[in-house]
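Asker: If it helps, the file is called structure-v8.cif and holds mmCIF, N, CA and C atoms:
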```
data_data
loop_
_atom_site.label_atom_id
_atom_site.label_comp_id
_atom_site.auth_asym_id
_atom_site.auth_seq_id
_atom_site.Cartn_x
_atom_site.Cartn_y
_atom_site.Cartn_z
N MET A 96 -2.66 -31.47 -27.48
CA MET A 96 -1.67 -32.50 -27.25
C MET A 96 -1.10 -32.29 -25.84
N LYS A 97 -0.89 -33.39 -25.15
CA LYS A 97 -0.35 -33.33 -23.79
C LYS A 97 1.17 -33.26 -23.80
N ILE A 98 1.70 -32.55 -22.81
CA ILE A 98 3.15 -32.51 -22.61
C ILE A 98 3.49 -33.78 -21.82
N GLU A 99 4.25 -34.67 -22.41
CA GLU A 99 4.52 -35.98 -21.82
C GLU A 99 5.83 -36.05 -21.05
N ARG A 100 6.82 -35.25 -21.44
CA ARG A 100 8.16 -35.36 -20.86
C ARG A 100 8.84 -33.99 -20.86
N ARG A 101 9.93 -33.94 -20.13
CA ARG A 101 10.72 -32.70 -20.06
C ARG A 101 11.58 -32.55 -21.31
N ALA A 102 11.83 -31.29 -21.64
CA ALA A 102 12.77 -30.96 -22.72
C ALA A 102 13.43 -29.65 -22.33
N GLU A 103 14.74 -29.56 -22.56
CA GLU A 103 15.49 -28.36 -22.18
C GLU A 103 16.23 -27.76 -23.37
N PHE A 104 16.53 -26.47 -23.23
CA PHE A 104 17.27 -25.75 -24.26
C PHE A 104 18.01 -24.60 -23.60
N LYS A 105 19.25 -24.34 -24.04
CA LYS A 105 20.05 -23.23 -23.52
C LYS A 105 20.37 -22.28 -24.66
N LEU A 106 20.36 -20.99 -24.32
CA LEU A 106 20.61 -19.95 -25.31
C LEU A 106 21.41 -18.83 -24.67
N THR A 107 22.36 -18.27 -25.42
CA THR A 107 23.11 -17.09 -24.95
C THR A 107 22.87 -15.96 -25.94
N VAL A 108 22.47 -14.81 -25.40
CA VAL A 108 22.24 -13.61 -26.21
C VAL A 108 22.91 -12.45 -25.50
N GLU A 109 23.91 -11.85 -26.15
CA GLU A 109 24.63 -10.70 -25.56
C GLU A 109 25.09 -10.99 -24.12
N ARG A 110 25.65 -12.14 -23.91
CA ARG A 110 26.20 -12.61 -22.63
C ARG A 110 25.14 -12.98 -21.59
N SER A 111 23.85 -12.72 -21.86
CA SER A 111 22.80 -13.21 -20.97
C SER A 111 22.52 -14.66 -21.34
N ARG A 112 22.35 -15.48 -20.31
CA ARG A 112 22.08 -16.90 -20.55
C ARG A 112 20.63 -17.20 -20.21
N PHE A 113 19.98 -17.94 -21.11
CA PHE A 113 18.58 -18.32 -20.96
C PHE A 113 18.49 -19.84 -20.88
N PHE A 114 17.83 -20.34 -19.87
CA PHE A 114 17.68 -21.78 -19.64
C PHE A 114 16.18 -22.10 -19.70
N ALA A 115 15.77 -22.79 -20.76
CA ALA A 115 14.35 -23.10 -20.95
C ALA A 115 14.06 -24.55 -20.58
N LEU A 116 12.91 -24.76 -19.97
CA LEU A 116 12.45 -26.10 -19.61
C LEU A 116 10.97 -26.22 -19.94
N LEU A 117 10.63 -27.20 -20.78
CA LEU A 117 9.25 -27.59 -21.02
C LEU A 117 9.00 -28.77 -20.10
N PHE A 118 7.89 -28.77 -19.37
CA PHE A 118 7.68 -29.81 -18.37
C PHE A 118 6.21 -30.21 -18.27
N PRO A 119 5.97 -31.49 -17.94
CA PRO A 119 4.60 -31.91 -17.66
C PRO A 119 4.23 -31.55 -16.23
N ALA A 120 2.99 -31.17 -16.01
CA ALA A 120 2.48 -30.86 -14.66
C ALA A 120 0.96 -30.96 -14.71
N ALA A 121 0.40 -31.60 -13.70
CA ALA A 121 -1.04 -31.83 -13.67
C ALA A 121 -1.82 -30.63 -13.15
N ASP A 122 -1.18 -29.81 -12.31
CA ASP A 122 -1.90 -28.69 -11.69
C ASP A 122 -0.92 -27.63 -11.21
N GLU A 123 -1.44 -26.60 -10.57
CA GLU A 123 -0.60 -25.49 -10.13
C GLU A 123 0.35 -25.87 -9.00
N ALA A 124 -0.02 -26.87 -8.20
CA ALA A 124 0.89 -27.34 -7.14
C ALA A 124 2.14 -27.95 -7.76
N ALA A 125 1.97 -28.72 -8.82
CA ALA A 125 3.11 -29.31 -9.53
C ALA A 125 3.95 -28.21 -10.19
N LEU A 126 3.29 -27.19 -10.71
CA LEU A 126 3.99 -26.04 -11.29
C LEU A 126 4.87 -25.38 -10.25
N GLU A 127 4.34 -25.15 -9.06
CA GLU A 127 5.11 -24.52 -7.98
C GLU A 127 6.36 -25.33 -7.63
N GLU A 128 6.24 -26.65 -7.63
CA GLU A 128 7.40 -27.51 -7.35
C GLU A 128 8.48 -27.34 -8.43
N ILE A 129 8.07 -27.27 -9.67
CA ILE A 129 9.02 -27.08 -10.78
C ILE A 129 9.71 -25.72 -10.64
N LEU A 130 8.94 -24.68 -10.35
CA LEU A 130 9.52 -23.34 -10.19
C LEU A 130 10.50 -23.30 -9.03
N LYS A 131 10.17 -23.95 -7.95
CA LYS A 131 11.06 -24.03 -6.78
C LYS A 131 12.37 -24.73 -7.17
N GLU A 132 12.25 -25.80 -7.93
CA GLU A 132 13.42 -26.54 -8.41
C GLU A 132 14.30 -25.67 -9.31
N ARG A 133 13.67 -24.92 -10.22
CA ARG A 133 14.43 -24.07 -11.14
C ARG A 133 15.13 -22.92 -10.41
N ARG A 134 14.46 -22.34 -9.42
CA ARG A 134 15.08 -21.26 -8.65
C ARG A 134 16.30 -21.77 -7.90
N LYS A 135 16.22 -22.99 -7.44
CA LYS A 135 17.35 -23.60 -6.73
C LYS A 135 18.48 -23.94 -7.70
N GLU A 136 18.13 -24.48 -8.85
CA GLU A 136 19.12 -24.88 -9.85
C GLU A 136 19.83 -23.68 -10.48
N HIS A 137 19.09 -22.61 -10.71
CA HIS A 137 19.65 -21.41 -11.35
C HIS A 137 19.57 -20.24 -10.37
N ARG A 138 20.32 -20.32 -9.32
CA ARG A 138 20.28 -19.31 -8.25
C ARG A 138 20.71 -17.92 -8.71
N LYS A 139 21.56 -17.86 -9.71
CA LYS A 139 22.03 -16.55 -10.20
C LYS A 139 21.01 -15.87 -11.10
N ALA A 140 19.99 -16.59 -11.51
CA ALA A 140 18.97 -16.02 -12.40
C ALA A 140 18.11 -15.02 -11.63
N CYS A 141 17.93 -13.86 -12.23
CA CYS A 141 17.09 -12.82 -11.62
C CYS A 141 15.62 -13.02 -11.99
N HIS A 142 15.37 -13.66 -13.12
CA HIS A 142 14.00 -13.81 -13.61
C HIS A 142 13.75 -15.26 -14.02
N HIS A 143 12.61 -15.77 -13.59
CA HIS A 143 12.14 -17.10 -13.97
C HIS A 143 10.73 -16.90 -14.54
N CYS A 144 10.66 -16.62 -15.83
CA CYS A 144 9.38 -16.34 -16.48
C CYS A 144 8.76 -17.66 -16.94
N TRP A 145 7.43 -17.75 -16.83
CA TRP A 145 6.79 -19.02 -17.14
C TRP A 145 5.39 -18.84 -17.69
N ALA A 146 4.93 -19.94 -18.29
CA ALA A 146 3.55 -20.04 -18.77
C ALA A 146 3.14 -21.49 -18.65
N CYS A 147 1.85 -21.72 -18.39
CA CYS A 147 1.36 -23.09 -18.30
C CYS A 147 -0.07 -23.17 -18.80
N ARG A 148 -0.46 -24.38 -19.20
CA ARG A 148 -1.82 -24.67 -19.64
C ARG A 148 -2.22 -26.01 -19.05
N PHE A 149 -3.33 -26.02 -18.30
CA PHE A 149 -3.85 -27.23 -17.67
C PHE A 149 -5.27 -27.48 -18.13
N GLU A 150 -5.67 -28.74 -18.08
CA GLU A 150 -7.07 -29.07 -18.34
C GLU A 150 -7.84 -28.85 -17.05
N GLY A 151 -8.84 -28.00 -17.11
CA GLY A 151 -9.65 -27.71 -15.94
C GLY A 151 -10.94 -28.52 -15.95
N GLU A 152 -11.85 -28.12 -15.10
CA GLU A 152 -13.14 -28.82 -15.01
C GLU A 152 -13.92 -28.66 -16.30
N GLY A 153 -14.59 -29.72 -16.70
CA GLY A 153 -15.41 -29.69 -17.90
C GLY A 153 -14.61 -29.57 -19.18
N GLY A 154 -13.32 -29.87 -19.13
CA GLY A 154 -12.49 -29.81 -20.32
C GLY A 154 -11.98 -28.43 -20.69
N ALA A 155 -12.33 -27.43 -19.89
CA ALA A 155 -11.84 -26.07 -20.16
C ALA A 155 -10.34 -26.00 -19.90
N VAL A 156 -9.64 -25.22 -20.69
CA VAL A 156 -8.20 -25.06 -20.51
C VAL A 156 -7.94 -23.85 -19.61
N VAL A 157 -7.17 -24.08 -18.56
CA VAL A 157 -6.78 -23.03 -17.62
C VAL A 157 -5.38 -22.58 -18.01
N GLU A 158 -5.20 -21.29 -18.22
CA GLU A 158 -3.90 -20.74 -18.63
C GLU A 158 -3.40 -19.76 -17.59
N ARG A 159 -2.09 -19.81 -17.34
CA ARG A 159 -1.44 -18.87 -16.43
C ARG A 159 -0.08 -18.51 -17.02
N SER A 160 0.38 -17.29 -16.68
CA SER A 160 1.74 -16.90 -17.07
C SER A 160 2.23 -15.84 -16.09
N LYS A 161 3.54 -15.70 -16.02
CA LYS A 161 4.13 -14.70 -15.14
C LYS A 161 5.44 -14.19 -15.75
N ASP A 162 5.62 -12.86 -15.69
CA ASP A 162 6.82 -12.23 -16.24
C ASP A 162 7.94 -12.13 -15.22
N ASP A 163 7.65 -12.32 -13.95
CA ASP A 163 8.63 -12.28 -12.86
C ASP A 163 9.48 -11.01 -12.88
N GLY A 164 8.85 -9.87 -13.20
CA GLY A 164 9.55 -8.58 -13.16
C GLY A 164 10.35 -8.25 -14.41
N GLU A 165 10.37 -9.14 -15.39
CA GLU A 165 11.13 -8.91 -16.62
C GLU A 165 10.32 -8.01 -17.55
N VAL A 166 11.00 -7.24 -18.40
CA VAL A 166 10.33 -6.37 -19.37
C VAL A 166 9.89 -7.18 -20.59
N GLY A 167 8.95 -6.63 -21.34
CA GLY A 167 8.58 -7.25 -22.62
C GLY A 167 7.55 -8.35 -22.55
N HIS A 168 6.96 -8.60 -21.41
CA HIS A 168 5.93 -9.63 -21.24
C HIS A 168 6.35 -11.02 -21.72
N PRO A 169 7.50 -11.53 -21.26
CA PRO A 169 7.94 -12.85 -21.72
C PRO A 169 7.01 -13.98 -21.32
N GLY A 170 6.29 -13.85 -20.20
CA GLY A 170 5.34 -14.90 -19.81
C GLY A 170 4.26 -15.06 -20.87
N ARG A 171 3.77 -13.94 -21.36
CA ARG A 171 2.76 -13.97 -22.41
C ARG A 171 3.32 -14.56 -23.70
N VAL A 172 4.57 -14.22 -24.01
CA VAL A 172 5.23 -14.76 -25.21
C VAL A 172 5.33 -16.29 -25.11
N LEU A 173 5.69 -16.79 -23.93
CA LEU A 173 5.80 -18.25 -23.74
C LEU A 173 4.43 -18.90 -23.84
N LEU A 174 3.41 -18.25 -23.29
CA LEU A 174 2.05 -18.78 -23.36
C LEU A 174 1.58 -18.87 -24.82
N GLU A 175 1.91 -17.88 -25.62
CA GLU A 175 1.56 -17.91 -27.04
C GLU A 175 2.19 -19.10 -27.74
N SER A 176 3.41 -19.45 -27.38
CA SER A 176 4.09 -20.60 -27.98
C SER A 176 3.38 -21.91 -27.62
N LEU A 177 2.94 -22.02 -26.37
CA LEU A 177 2.20 -23.22 -25.95
C LEU A 177 0.86 -23.31 -26.68
N ARG A 178 0.16 -22.17 -26.77
CA ARG A 178 -1.13 -22.14 -27.47
C ARG A 178 -0.99 -22.52 -28.93
N ALA A 179 0.05 -21.99 -29.58
CA ALA A 179 0.25 -22.23 -31.01
C ALA A 179 0.39 -23.72 -31.32
N ARG A 180 0.92 -24.48 -30.38
CA ARG A 180 1.09 -25.92 -30.58
C ARG A 180 -0.04 -26.73 -29.95
N GLY A 181 -0.95 -26.06 -29.27
CA GLY A 181 -2.07 -26.75 -28.64
C GLY A 181 -1.65 -27.64 -27.49
N LEU A 182 -0.56 -27.28 -26.81
CA LEU A 182 -0.05 -28.10 -25.70
C LEU A 182 -0.77 -27.80 -24.40
N VAL A 183 -1.11 -28.84 -23.66
CA VAL A 183 -1.72 -28.72 -22.33
C VAL A 183 -1.05 -29.73 -21.40
N GLY A 184 -1.34 -29.61 -20.11
CA GLY A 184 -0.80 -30.57 -19.15
C GLY A 184 0.61 -30.26 -18.70
N GLY A 185 0.95 -28.98 -18.69
CA GLY A 185 2.29 -28.60 -18.25
C GLY A 185 2.61 -27.17 -18.61
N GLY A 186 3.89 -26.88 -18.68
CA GLY A 186 4.27 -25.51 -18.93
C GLY A 186 5.69 -25.36 -19.44
N LEU A 187 6.07 -24.11 -19.51
CA LEU A 187 7.36 -23.71 -20.04
C LEU A 187 7.92 -22.64 -19.12
N VAL A 188 9.12 -22.84 -18.61
CA VAL A 188 9.77 -21.83 -17.77
C VAL A 188 11.13 -21.50 -18.39
N VAL A 189 11.46 -20.21 -18.42
CA VAL A 189 12.76 -19.76 -18.92
C VAL A 189 13.39 -18.90 -17.83
N SER A 190 14.59 -19.31 -17.40
CA SER A 190 15.35 -18.59 -16.39
C SER A 190 16.44 -17.79 -17.09
N ARG A 191 16.57 -16.51 -16.72
CA ARG A 191 17.57 -15.64 -17.35
C ARG A 191 18.62 -15.22 -16.34
N ILE A 192 19.88 -15.45 -16.70
CA ILE A 192 21.01 -14.93 -15.93
C ILE A 192 21.55 -13.74 -16.72
N PHE A 193 21.40 -12.55 -16.17
CA PHE A 193 21.77 -11.30 -16.83
C PHE A 193 23.27 -11.27 -17.11
N GLY A 194 23.61 -10.89 -18.34
CA GLY A 194 25.00 -10.86 -18.75
C GLY A 194 25.63 -9.49 -18.79
N GLY A 195 24.92 -8.46 -18.34
CA GLY A 195 25.48 -7.12 -18.29
C GLY A 195 25.12 -6.23 -19.46
N VAL A 196 24.44 -6.77 -20.48
CA VAL A 196 24.05 -5.97 -21.63
C VAL A 196 22.52 -5.94 -21.67
N LYS A 197 21.95 -4.73 -21.65
CA LYS A 197 20.49 -4.60 -21.73
C LYS A 197 20.05 -4.91 -23.15
N LEU A 198 19.02 -5.74 -23.26
CA LEU A 198 18.55 -6.19 -24.57
C LEU A 198 17.39 -5.34 -25.10
N GLY A 199 16.78 -4.55 -24.24
CA GLY A 199 15.61 -3.79 -24.63
C GLY A 199 14.38 -4.68 -24.63
N VAL A 200 13.22 -4.05 -24.71
CA VAL A 200 11.96 -4.79 -24.62
C VAL A 200 11.85 -5.82 -25.75
N GLY A 201 12.09 -5.40 -26.97
CA GLY A 201 11.99 -6.33 -28.11
C GLY A 201 13.02 -7.44 -28.05
N GLY A 202 14.23 -7.09 -27.66
CA GLY A 202 15.30 -8.10 -27.57
C GLY A 202 15.02 -9.13 -26.50
N VAL A 203 14.47 -8.69 -25.38
CA VAL A 203 14.12 -9.61 -24.29
C VAL A 203 13.03 -10.56 -24.76
N SER A 204 12.00 -10.02 -25.39
CA SER A 204 10.90 -10.85 -25.89
C SER A 204 11.39 -11.88 -26.90
N ARG A 205 12.24 -11.44 -27.82
CA ARG A 205 12.78 -12.36 -28.83
C ARG A 205 13.62 -13.46 -28.18
N ALA A 206 14.45 -13.09 -27.21
CA ALA A 206 15.31 -14.07 -26.56
C ALA A 206 14.49 -15.10 -25.78
N PHE A 207 13.48 -14.66 -25.04
CA PHE A 207 12.63 -15.61 -24.32
C PHE A 207 11.88 -16.50 -25.29
N ARG A 208 11.37 -15.92 -26.37
CA ARG A 208 10.66 -16.71 -27.38
C ARG A 208 11.59 -17.76 -27.98
N GLU A 209 12.79 -17.35 -28.36
CA GLU A 209 13.74 -18.27 -28.98
C GLU A 209 14.12 -19.41 -28.03
N ALA A 210 14.34 -19.08 -26.76
CA ALA A 210 14.68 -20.11 -25.78
C ALA A 210 13.51 -21.09 -25.61
N GLY A 211 12.30 -20.54 -25.48
CA GLY A 211 11.12 -21.40 -25.34
C GLY A 211 10.91 -22.28 -26.55
N GLU A 212 11.05 -21.69 -27.73
CA GLU A 212 10.88 -22.46 -28.97
C GLU A 212 11.94 -23.56 -29.08
N GLY A 213 13.13 -23.29 -28.56
CA GLY A 213 14.17 -24.32 -28.57
C GLY A 213 13.78 -25.52 -27.73
N ALA A 214 13.19 -25.28 -26.56
CA ALA A 214 12.73 -26.39 -25.71
C ALA A 214 11.57 -27.13 -26.38
N LEU A 215 10.68 -26.40 -27.02
CA LEU A 215 9.56 -27.03 -27.72
C LEU A 215 10.06 -27.89 -28.88
N ALA A 216 11.06 -27.40 -29.60
CA ALA A 216 11.64 -28.16 -30.70
C ALA A 216 12.34 -29.42 -30.18
N ALA A 217 13.03 -29.29 -29.06
CA ALA A 217 13.70 -30.46 -28.46
C ALA A 217 12.67 -31.50 -28.05
N HIS A 218 11.54 -31.06 -27.53
CA HIS A 218 10.44 -31.97 -27.14
C HIS A 218 9.91 -32.70 -28.39
N SER A 219 9.74 -31.98 -29.48
CA SER A 219 9.24 -32.58 -30.72
C SER A 219 10.23 -33.58 -31.29
N ARG A 220 11.51 -33.26 -31.26
CA ARG A 220 12.53 -34.18 -31.79
C ARG A 220 12.55 -35.49 -31.02
N VAL A 221 12.46 -35.41 -29.70
CA VAL A 221 12.46 -36.64 -28.88
C VAL A 221 11.22 -37.45 -29.23
N GLY A 222 10.08 -36.78 -29.40
CA GLY A 222 8.84 -37.47 -29.73
C GLY A 222 8.92 -38.17 -31.07
N ASP A 223 9.65 -37.59 -32.03
CA ASP A 223 9.79 -38.20 -33.36
C ASP A 223 10.63 -39.46 -33.31
N ASP A 224 11.56 -39.53 -32.35
CA ASP A 224 12.44 -40.69 -32.24
C ASP A 224 11.74 -41.89 -31.63
N ALA A 225 10.68 -41.63 -30.87
CA ALA A 225 10.01 -42.73 -30.14
C ALA A 225 9.24 -43.62 -31.07
#
```
Could you render the structure as structure tokens?
Answerer:
Amino acid sequence: MKIERRAEFKLTVERSRFFALLFPAADEAALEEILKERRKEHRKACHHCWACRFEGEGGAVVERSKDDGEVGHPGRVLLESLRARGLVGGGLVVSRIFGGVKLGVGGVSRAFREAGEGALAAHSRVGDDA
């Protein structure tokens, strides 16, 4: 299924704020523009972890993810969420503003997953209304 529109979700865990965005993008150049936009919008965020899935040549799916220095492999966690729904043609980025409390590897992974899943759920709800 193609990602047709943007969907956002905000989450707070132990004073850290997570801002998730599901977005359509045709290629890696479009992905870079989205990441640039998010870095500008959330300047206080230390980490902008992301995952994307694009249709490549011959119908093959090209997958990319990045943890942006965060522990717990959140980029991989976000990619798993996209795969589980069979979404292509865009990606998911979660920006974290550190709240002063360390969450640990498991806590970080859970928080990124929950934020990403919130954006995916918001995308599904909008689609159901159409």
Asker: Mind checking DSSP for chain A and telling me the strand (DSSP E) residues as a PyMOL selection string?
Answerer: chain A and resi 102-108+111-119+142-150+156-161+185-192
Asker: Can you list, as a ChimeraX atom specification, all residues belonging to range 96-224 of chain A that DSSP tags as alpha helix (DSSP H)?
Answerer: /A:123-136,169-180,199-224
Asker: Using only C-alpha atoms, find the one residue out of A:His218, A:Glu103, A:Gly201, A:Phe114 that sits nearest to Arg134 in chain A.
Answerer: A:Phe114
Asker: For this file, the PyMOL selection byres (((chain A and resi 100 and name CA) around 9) and name CA) selects which residues, as a PDB file with N, CA and C atoms, in the frame of the given file?
Answerer:
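The resulting file, result36.pdb, is reproduced below:
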```
ATOM      1  N   ILE A  98       1.700 -32.550 -22.810  1.00  0.00           N
ATOM      2  CA  ILE A  98       3.150 -32.510 -22.610  1.00  0.00           C
ATOM      3  C   ILE A  98       3.490 -33.780 -21.820  1.00  0.00           C
ATOM      4  N   GLU A  99       4.250 -34.670 -22.410  1.00  0.00           N
ATOM      5  CA  GLU A  99       4.520 -35.980 -21.820  1.00  0.00           C
ATOM      6  C   GLU A  99       5.830 -36.050 -21.050  1.00  0.00           C
ATOM      7  N   ARG A 101       9.930 -33.940 -20.130  1.00  0.00           N
ATOM      8  CA  ARG A 101      10.720 -32.700 -20.060  1.00  0.00           C
ATOM      9  C   ARG A 101      11.580 -32.550 -21.310  1.00  0.00           C
ATOM     10  N   ALA A 102      11.830 -31.290 -21.640  1.00  0.00           N
ATOM     11  CA  ALA A 102      12.770 -30.960 -22.720  1.00  0.00           C
ATOM     12  C   ALA A 102      13.430 -29.650 -22.330  1.00  0.00           C
ATOM     13  N   LEU A 117      10.630 -27.200 -20.780  1.00  0.00           N
ATOM     14  CA  LEU A 117       9.250 -27.590 -21.020  1.00  0.00           C
ATOM     15  C   LEU A 117       9.000 -28.770 -20.100  1.00  0.00           C
ATOM     16  N   PHE A 118       7.890 -28.770 -19.370  1.00  0.00           N
ATOM     17  CA  PHE A 118       7.680 -29.810 -18.370  1.00  0.00           C
ATOM     18  C   PHE A 118       6.210 -30.210 -18.270  1.00  0.00           C
ATOM     19  N   PRO A 119       5.970 -31.490 -17.940  1.00  0.00           N
ATOM     20  CA  PRO A 119       4.600 -31.910 -17.660  1.00  0.00           C
ATOM     21  C   PRO A 119       4.230 -31.550 -16.230  1.00  0.00           C
ATOM     22  N   HIS A 218      11.540 -31.060 -27.530  1.00  0.00           N
ATOM     23  CA  HIS A 218      10.440 -31.970 -27.140  1.00  0.00           C
ATOM     24  C   HIS A 218       9.910 -32.700 -28.390  1.00  0.00           C
TER      25      HIS A 218
END
```
Asker: Using all atoms listed in the file, determine which residues lie at most 8 Å from range 190-195 of chain A, disregarding the query and same-chain residues fewer than 6 positions distant; provide the list as a PDB file with N, CA and C atoms, in the coordinates of the input.
Answerer:
```
ATOM      1  N   VAL A 108      22.470 -14.810 -25.400  1.00  0.00           N
ATOM      2  CA  VAL A 108      22.240 -13.610 -26.210  1.00  0.00           C
ATOM      3  C   VAL A 108      22.910 -12.450 -25.500  1.00  0.00           C
ATOM      4  N   GLU A 109      23.910 -11.850 -26.150  1.00  0.00           N
ATOM      5  CA  GLU A 109      24.630 -10.700 -25.560  1.00  0.00           C
ATOM      6  C   GLU A 109      25.090 -10.990 -24.120  1.00  0.00           C
ATOM      7  N   ARG A 110      25.650 -12.140 -23.910  1.00  0.00           N
ATOM      8  CA  ARG A 110      26.200 -12.610 -22.630  1.00  0.00           C
ATOM      9  C   ARG A 110      25.140 -12.980 -21.590  1.00  0.00           C
ATOM     10  N   SER A 111      23.850 -12.720 -21.860  1.00  0.00           N
ATOM     11  CA  SER A 111      22.800 -13.210 -20.970  1.00  0.00           C
ATOM     12  C   SER A 111      22.520 -14.660 -21.340  1.00  0.00           C
ATOM     13  N   ARG A 112      22.350 -15.480 -20.310  1.00  0.00           N
ATOM     14  CA  ARG A 112      22.080 -16.900 -20.550  1.00  0.00           C
ATOM     15  C   ARG A 112      20.630 -17.200 -20.210  1.00  0.00           C
ATOM     16  N   PHE A 113      19.980 -17.940 -21.110  1.00  0.00           N
ATOM     17  CA  PHE A 113      18.580 -18.320 -20.960  1.00  0.00           C
ATOM     18  C   PHE A 113      18.490 -19.840 -20.880  1.00  0.00           C
ATOM     19  N   PHE A 114      17.830 -20.340 -19.870  1.00  0.00           N
ATOM     20  CA  PHE A 114      17.680 -21.780 -19.640  1.00  0.00           C
ATOM     21  C   PHE A 114      16.180 -22.100 -19.700  1.00  0.00           C
ATOM     22  N   ALA A 115      15.770 -22.790 -20.760  1.00  0.00           N
ATOM     23  CA  ALA A 115      14.350 -23.100 -20.950  1.00  0.00           C
ATOM     24  C   ALA A 115      14.060 -24.550 -20.580  1.00  0.00           C
ATOM     25  N   LEU A 116      12.910 -24.760 -19.970  1.00  0.00           N
ATOM     26  CA  LEU A 116      12.450 -26.100 -19.610  1.00  0.00           C
ATOM     27  C   LEU A 116      10.970 -26.220 -19.940  1.00  0.00           C
ATOM     28  N   ARG A 133      13.670 -24.920 -10.220  1.00  0.00           N
ATOM     29  CA  ARG A 133      14.430 -24.070 -11.140  1.00  0.00           C
ATOM     30  C   ARG A 133      15.130 -22.920 -10.410  1.00  0.00           C
ATOM     31  N   ARG A 134      14.460 -22.340  -9.420  1.00  0.00           N
ATOM     32  CA  ARG A 134      15.080 -21.260  -8.650  1.00  0.00           C
ATOM     33  C   ARG A 134      16.300 -21.770  -7.900  1.00  0.00           C
ATOM     34  N   HIS A 137      19.090 -22.610 -10.710  1.00  0.00           N
ATOM     35  CA  HIS A 137      19.650 -21.410 -11.350  1.00  0.00           C
ATOM     36  C   HIS A 137      19.570 -20.240 -10.370  1.00  0.00           C
ATOM     37  N   ARG A 138      20.320 -20.320  -9.320  1.00  0.00           N
ATOM     38  CA  ARG A 138      20.280 -19.310  -8.250  1.00  0.00           C
ATOM     39  C   ARG A 138      20.710 -17.920  -8.710  1.00  0.00           C
ATOM     40  N   LYS A 139      21.560 -17.860  -9.710  1.00  0.00           N
ATOM     41  CA  LYS A 139      22.030 -16.550 -10.200  1.00  0.00           C
ATOM     42  C   LYS A 139      21.010 -15.870 -11.100  1.00  0.00           C
ATOM     43  N   ALA A 140      19.990 -16.590 -11.510  1.00  0.00           N
ATOM     44  CA  ALA A 140      18.970 -16.020 -12.400  1.00  0.00           C
ATOM     45  C   ALA A 140      18.110 -15.020 -11.630  1.00  0.00           C
ATOM     46  N   CYS A 141      17.930 -13.860 -12.230  1.00  0.00           N
ATOM     47  CA  CYS A 141      17.090 -12.820 -11.620  1.00  0.00           C
ATOM     48  C   CYS A 141      15.620 -13.020 -11.990  1.00  0.00           C
ATOM     49  N   HIS A 142      15.370 -13.660 -13.120  1.00  0.00           N
ATOM     50  CA  HIS A 142      14.000 -13.810 -13.610  1.00  0.00           C
ATOM     51  C   HIS A 142      13.750 -15.260 -14.020  1.00  0.00           C
ATOM     52  N   HIS A 143      12.610 -15.770 -13.590  1.00  0.00           N
ATOM     53  CA  HIS A 143      12.140 -17.100 -13.970  1.00  0.00           C
ATOM     54  C   HIS A 143      10.730 -16.900 -14.540  1.00  0.00           C
ATOM     55  N   CYS A 144      10.660 -16.620 -15.830  1.00  0.00           N
ATOM     56  CA  CYS A 144       9.380 -16.340 -16.480  1.00  0.00           C
ATOM     57  C   CYS A 144       8.760 -17.660 -16.940  1.00  0.00           C
ATOM     58  N   TRP A 145       7.430 -17.750 -16.830  1.00  0.00           N
ATOM     59  CA  TRP A 145       6.790 -19.020 -17.140  1.00  0.00           C
ATOM     60  C   TRP A 145       5.390 -18.840 -17.690  1.00  0.00           C
TER      61      TRP A 145
END
```
Asker: For Asp122 in chain A, which residue out of A:Leu106, A:Gly199, A:Gly184, A:Arg178 is the nearest one, using only N, CA and C atoms?
Answerer: A:Gly184
Asker: What would the list of residues within 7 Å of (10.9, -10.3, -21.8) (file frame) look like as a compact mmCIF listing (two decimals) with N, CA and C atoms, keeping the file's coordinate frame, if all atoms listed in the file are what count?
Answerer:
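Writing the result to result.txt gives the following:
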```
# COMPACT_ATOMS: atom_id res chain seq x y z
N GLU A 165 10.37 -9.14 -15.39
CA GLU A 165 11.13 -8.91 -16.62
C GLU A 165 10.32 -8.01 -17.55
N VAL A 166 11.00 -7.24 -18.40
CA VAL A 166 10.33 -6.37 -19.37
C VAL A 166 9.89 -7.18 -20.59
N GLY A 167 8.95 -6.63 -21.34
CA GLY A 167 8.58 -7.25 -22.62
C GLY A 167 7.55 -8.35 -22.55
N HIS A 168 6.96 -8.60 -21.41
CA HIS A 168 5.93 -9.63 -21.24
C HIS A 168 6.35 -11.02 -21.72
N PRO A 169 7.50 -11.53 -21.26
CA PRO A 169 7.94 -12.85 -21.72
C PRO A 169 7.01 -13.98 -21.32
N GLY A 170 6.29 -13.85 -20.20
CA GLY A 170 5.34 -14.90 -19.81
C GLY A 170 4.26 -15.06 -20.87
N VAL A 200 13.22 -4.05 -24.71
CA VAL A 200 11.96 -4.79 -24.62
C VAL A 200 11.85 -5.82 -25.75
N GLY A 202 14.23 -7.09 -27.66
CA GLY A 202 15.30 -8.10 -27.57
C GLY A 202 15.02 -9.13 -26.50
N VAL A 203 14.47 -8.69 -25.38
CA VAL A 203 14.12 -9.61 -24.29
C VAL A 203 13.03 -10.56 -24.76
N SER A 204 12.00 -10.02 -25.39
CA SER A 204 10.90 -10.85 -25.89
C SER A 204 11.39 -11.88 -26.90
N ARG A 205 12.24 -11.44 -27.82
CA ARG A 205 12.78 -12.36 -28.83
C ARG A 205 13.62 -13.46 -28.18
N PHE A 207 13.48 -14.66 -25.04
CA PHE A 207 12.63 -15.61 -24.32
C PHE A 207 11.88 -16.50 -25.29
```
Asker: Which value, in Å to one decimal, gives the distance between atom N of Val156 in chain A and atom N of Ala210 in chain A?
Answerer: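 Rounded to one decimal, the two atoms are 25.5 Å apart.
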Asker: Atom C of Arg148 in chain A and atom C of Arg208 in chain A are how many Å apart?
Answerer: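 Between atom C of Arg148 in chain A and atom C of Arg208 in chain A the gap works out to 18.4 Å.
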Asker: Could you work out an axis-aligned bounding box for all listed atoms of range 131-145 of chain A, with 5 Å added on each of the six sides, and give its centre and edge lengths in Å to one decimal, as lines of an AutoDock Vina configuration file?
Answerer:
```
center_x = 13.7
center_y = -19.7
center_z = -12.2
size_x = 26.6
size_y = 23.7
size_z = 21.0
```
